[in-house]
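Student: Below you'll find the structure I mean.
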Amino acid sequence: MNDFMRSGTARIGLAVAVACSFTLRAEATSLRLLDLPTMVQSAKRVVHARASATRVYWDEQRRGIFTDTDFEVLEEAKGKGPARLTVTMLGGRIDPIEMRTEGTPEFEIGEEVLLMTTPRPDGRQNIVGFSQGVFRVHRNPLSGERFVTVAGSVEDPGTGQPAAQAGRSPRPLATFLEQIRILASGAGAPPESPRMRLVPVPRGEVRR
């Protein structure tokens with residue numbers, strides 16, 4: 001291979017590498033974190049549900065990628081509605097482009113979660129407070145009991161520690177659902193309602 005061909009190949013390889021690694025990042029913003037009574041009040045439905053399917057697609061202007069996740073409703077704590085709901089979130093991957101928004105929850109098929117949602121005009125659902133309205137549900141493999149952990153910057157009201165540490169003593173799902181029902185009824189906030197604080201959250205990034 002002569003020098004011209006080698007230099008041409010190098011230029012092509014560099015161009016491909018630059019194109020494949022192109023990243024567009026949005027400016028950071030501050031996410032207003034909400035306490036539990038506010039989230040319950042804002043939500044139209046609060047459900048314990050299981051993820052059953054996902055779809056990733058471009059918007060009509062092909063400027064953003066969105067992901068729809070279908071959920072099978074297992075139990076309702078606030079509101080009434082169909083036994084299946086669809087949550088729409090910004091972000092996803094359509095090869096070779098991936099778009100992610102920091103703090104946007106992602107779901108695995110078969111995963112159980114507690115969702116706080118509000119309806120969209122198209123009949124799908126938004127999640128209250130971004131990732132704050134998602135509570136991961138786990139099952140004790142020995143007893144079968146379900147319990148919840150809290151995402152984001154939630155502080156444990158007993159210890160004042162961040163959720164990363166407080167999550168070692170998660171709350172039973174049944175207890176948490178009852179707490180939400182009390183809040184939804186307007187009977188007042190139970191003493192264990194979590195507190196949240198403001199944290200900077202980057203709005204998103206696009207990878208190629």
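In the structure tokens, chains take letters A, B, ... by order of appearance, with residues numbered from 1 within each chain and ligands from 1 in the order shown.
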Any idea what's packed within 9 Å of Val128 of chain A, counting only C-alpha atoms, ignoring anything in its chain fewer than 5 positions away? Could you give it as an MDAnalysis selection string?

Tutor: chainID A and resid 39:40 42:43 115:118 133:134

Student: Excluding same-chain residues fewer than 5 positions from Leu74 of chain A, what lies within 10 Å of it counting only C-alpha atoms, as an MDAnalysis selection string?

Tutor: chainID A and resid 47:50 83:84 112:114

Student: Could you work out how far atom CA of Glu111 of chain A lies from atom CA of Arg139 of chain A, giving the answer in Å with one decimal?

Tutor: 10.6 Å

Student: Set the distance at 10 Å and use only C-alpha atoms: which residues neighbour Gly91 of chain A once local chain neighbours fewer than 6 positions away are removed? I'd like the list as a compact mmCIF listing (two decimals) with N, CA and C atoms, in the first residue's frame.

Tutor:
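Result went into part-v6.txt, see below:
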# COMPACT_ATOMS: atom_id res chain seq x y z
N VAL A 56 -39.47 1.41 21.23
CA VAL A 56 -38.60 2.58 21.08
C VAL A 56 -38.85 3.18 19.70
N TYR A 57 -38.99 4.53 19.62
CA TYR A 57 -39.34 5.14 18.34
C TYR A 57 -38.90 6.61 18.33
N TRP A 58 -38.79 7.17 17.10
CA TRP A 58 -38.53 8.59 16.92
C TRP A 58 -39.84 9.37 17.04
N GLY A 64 -36.12 13.50 18.60
CA GLY A 64 -35.97 12.84 19.88
C GLY A 64 -36.42 11.39 19.81
N ILE A 65 -35.82 10.56 20.65
CA ILE A 65 -36.18 9.15 20.76
C ILE A 65 -36.98 8.96 22.04
N PHE A 66 -38.07 8.21 21.93
CA PHE A 66 -38.93 7.95 23.08
C PHE A 66 -39.08 6.44 23.28
N THR A 67 -39.34 6.06 24.52
CA THR A 67 -39.58 4.66 24.86
C THR A 67 -40.92 4.52 25.56
N ASP A 68 -41.78 3.67 25.04
CA ASP A 68 -43.03 3.32 25.70
C ASP A 68 -42.84 2.00 26.43
N GLU A 98 -28.11 6.54 20.29
CA GLU A 98 -28.68 6.33 21.62
C GLU A 98 -28.88 7.68 22.28
N MET A 99 -30.05 7.89 22.84
CA MET A 99 -30.35 9.12 23.55
C MET A 99 -30.75 8.78 24.98
N ARG A 100 -30.08 9.41 25.92
CA ARG A 100 -30.38 9.16 27.33
C ARG A 100 -30.53 10.48 28.06
N THR A 101 -31.46 10.52 28.99
CA THR A 101 -31.66 11.67 29.86
C THR A 101 -31.34 11.25 31.28
N GLU A 102 -30.40 11.93 31.89
CA GLU A 102 -29.97 11.57 33.24
C GLU A 102 -31.16 11.62 34.20
N THR A 104 -33.75 9.60 34.08
CA THR A 104 -34.93 8.95 33.52
C THR A 104 -34.91 7.47 33.89
N PRO A 105 -35.96 6.94 34.48
CA PRO A 105 -35.96 5.52 34.86
C PRO A 105 -36.01 4.61 33.64
N GLU A 106 -35.36 3.47 33.76
CA GLU A 106 -35.43 2.42 32.75
C GLU A 106 -36.02 1.17 33.41
N GLY A 204 -29.86 15.67 29.48
CA GLY A 204 -29.84 14.55 28.56
C GLY A 204 -28.60 14.56 27.69
N GLU A 205 -28.43 13.49 26.94
CA GLU A 205 -27.34 13.39 26.00
C GLU A 205 -27.73 12.44 24.88
N VAL A 206 -27.11 12.65 23.72
CA VAL A 206 -27.35 11.79 22.57
C VAL A 206 -26.03 11.20 22.15

Student: Using only C-alpha atoms, which residue out of A:Ile94, A:Pro172, A:Thr54, A:Gln125 lies closest to Pro82 of chain A?

Tutor: A:Gln125

Student: Output as a list in words all residues of segment 88-136 of chain A that backbone DSSP marks as strand (DSSP E).

Tutor: Thr88, Met89, Leu90, Gly92, Arg93, Ile94, Ile97, Glu98, Met99, Arg100, Glu112, Val113, Leu114, Leu115, Met116, Thr117, Thr118, Pro119, Gln125, Asn126, Ile127, Val134, Phe135 and Arg136 of chain A

Student: Please, could you write that set of residues out with N, CA and C atoms as a compact mmCIF listing (two decimals), in the first residue's frame?

Tutor:
# COMPACT_ATOMS: atom_id res chain seq x y z
N THR A 88 -44.69 6.69 28.89
CA THR A 88 -43.81 7.22 27.86
C THR A 88 -42.68 8.02 28.50
N MET A 89 -41.44 7.67 28.11
CA MET A 89 -40.27 8.36 28.64
C MET A 89 -39.38 8.81 27.50
N LEU A 90 -38.73 9.96 27.67
CA LEU A 90 -37.75 10.43 26.70
C LEU A 90 -36.49 9.59 26.80
N GLY A 92 -33.81 6.40 24.63
CA GLY A 92 -33.83 5.05 24.08
C GLY A 92 -32.74 4.90 23.05
N ARG A 93 -32.68 3.73 22.41
CA ARG A 93 -31.66 3.47 21.40
C ARG A 93 -32.29 2.94 20.13
N ILE A 94 -31.98 3.62 19.01
CA ILE A 94 -32.30 3.14 17.67
C ILE A 94 -30.98 3.16 16.91
N ILE A 97 -27.89 5.26 17.03
CA ILE A 97 -28.05 6.44 17.89
C ILE A 97 -28.69 6.04 19.21
N GLU A 98 -28.11 6.54 20.29
CA GLU A 98 -28.68 6.33 21.62
C GLU A 98 -28.88 7.68 22.28
N MET A 99 -30.05 7.89 22.84
CA MET A 99 -30.35 9.12 23.55
C MET A 99 -30.75 8.78 24.98
N ARG A 100 -30.08 9.41 25.92
CA ARG A 100 -30.38 9.16 27.33
C ARG A 100 -30.53 10.48 28.06
N GLU A 112 -41.18 -5.55 38.71
CA GLU A 112 -42.32 -4.97 39.41
C GLU A 112 -41.93 -3.63 40.02
N VAL A 113 -42.82 -2.66 39.88
CA VAL A 113 -42.57 -1.32 40.39
C VAL A 113 -43.87 -0.74 40.94
N LEU A 114 -43.73 0.30 41.74
CA LEU A 114 -44.88 1.12 42.14
C LEU A 114 -44.74 2.42 41.37
N LEU A 115 -45.77 2.78 40.59
CA LEU A 115 -45.72 3.94 39.71
C LEU A 115 -46.71 5.00 40.14
N MET A 116 -46.27 6.26 40.10
CA MET A 116 -47.16 7.40 40.28
C MET A 116 -47.25 8.11 38.94
N THR A 117 -48.44 8.17 38.35
CA THR A 117 -48.56 8.65 36.98
C THR A 117 -49.65 9.71 36.81
N THR A 118 -49.51 10.47 35.74
CA THR A 118 -50.54 11.41 35.29
C THR A 118 -50.81 11.15 33.82
N PRO A 119 -52.05 11.34 33.35
CA PRO A 119 -52.38 11.00 31.96
C PRO A 119 -51.87 12.02 30.96
N GLN A 125 -49.17 7.53 29.76
CA GLN A 125 -48.96 8.11 31.09
C GLN A 125 -47.58 8.73 31.21
N ASN A 126 -47.49 9.83 31.96
CA ASN A 126 -46.22 10.38 32.41
C ASN A 126 -46.00 9.99 33.86
N ILE A 127 -44.74 9.95 34.27
CA ILE A 127 -44.41 9.63 35.66
C ILE A 127 -44.24 10.92 36.44
N VAL A 134 -41.12 6.53 40.73
CA VAL A 134 -40.90 5.10 40.52
C VAL A 134 -40.29 4.50 41.78
N PHE A 135 -40.92 3.48 42.31
CA PHE A 135 -40.43 2.78 43.49
C PHE A 135 -40.23 1.31 43.12
N ARG A 136 -39.00 0.85 43.18
CA ARG A 136 -38.68 -0.52 42.78
C ARG A 136 -39.20 -1.52 43.81

Student: Given the choices A:Lys78, A:Arg32, A:Arg55, A:Arg171, which gets closest to Ser185 of chain A if the distance is worked out from only C-alpha atoms?

Tutor: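 Looking only at the distances to Ser185 of chain A, the closest residue turns out to be A:Lys78.
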
Student: I need the residue nearest Thr38 of chain A from this list: A:Val137, A:Ala51, A:Gly129, A:Glu178. Use only C-alpha atoms for the distance.

Tutor: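 Smallest distance to Thr38 of chain A is found for A:Gly129.
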
Student: From the options A:Gly110, A:Leu183, A:Pro121, A:Phe130, which residue's atoms come nearest to Ser52 of chain A, counting only C-alpha atoms?

Tutor: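 Closest to Ser52 of chain A, using only C-alpha atoms: A:Gly110.
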
Student: Here is a test: counting only C-alpha atoms, which residue of A:Arg63, A:Glu76, A:Leu33, A:Arg124 is nearest to Leu177 of chain A?

Tutor: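 Between A:Arg63, A:Glu76, A:Leu33, A:Arg124, the residue approaching Leu177 of chain A most closely is A:Glu76.
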
Student: One decimal, Å: what's the distance from atom CA of Phe107 of chain A over to atom CA of Phe71 of chain A, could you say?

Tutor: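 Going from atom CA of Phe107 of chain A over to atom CA of Phe71 of chain A, I get 10.1 Å.
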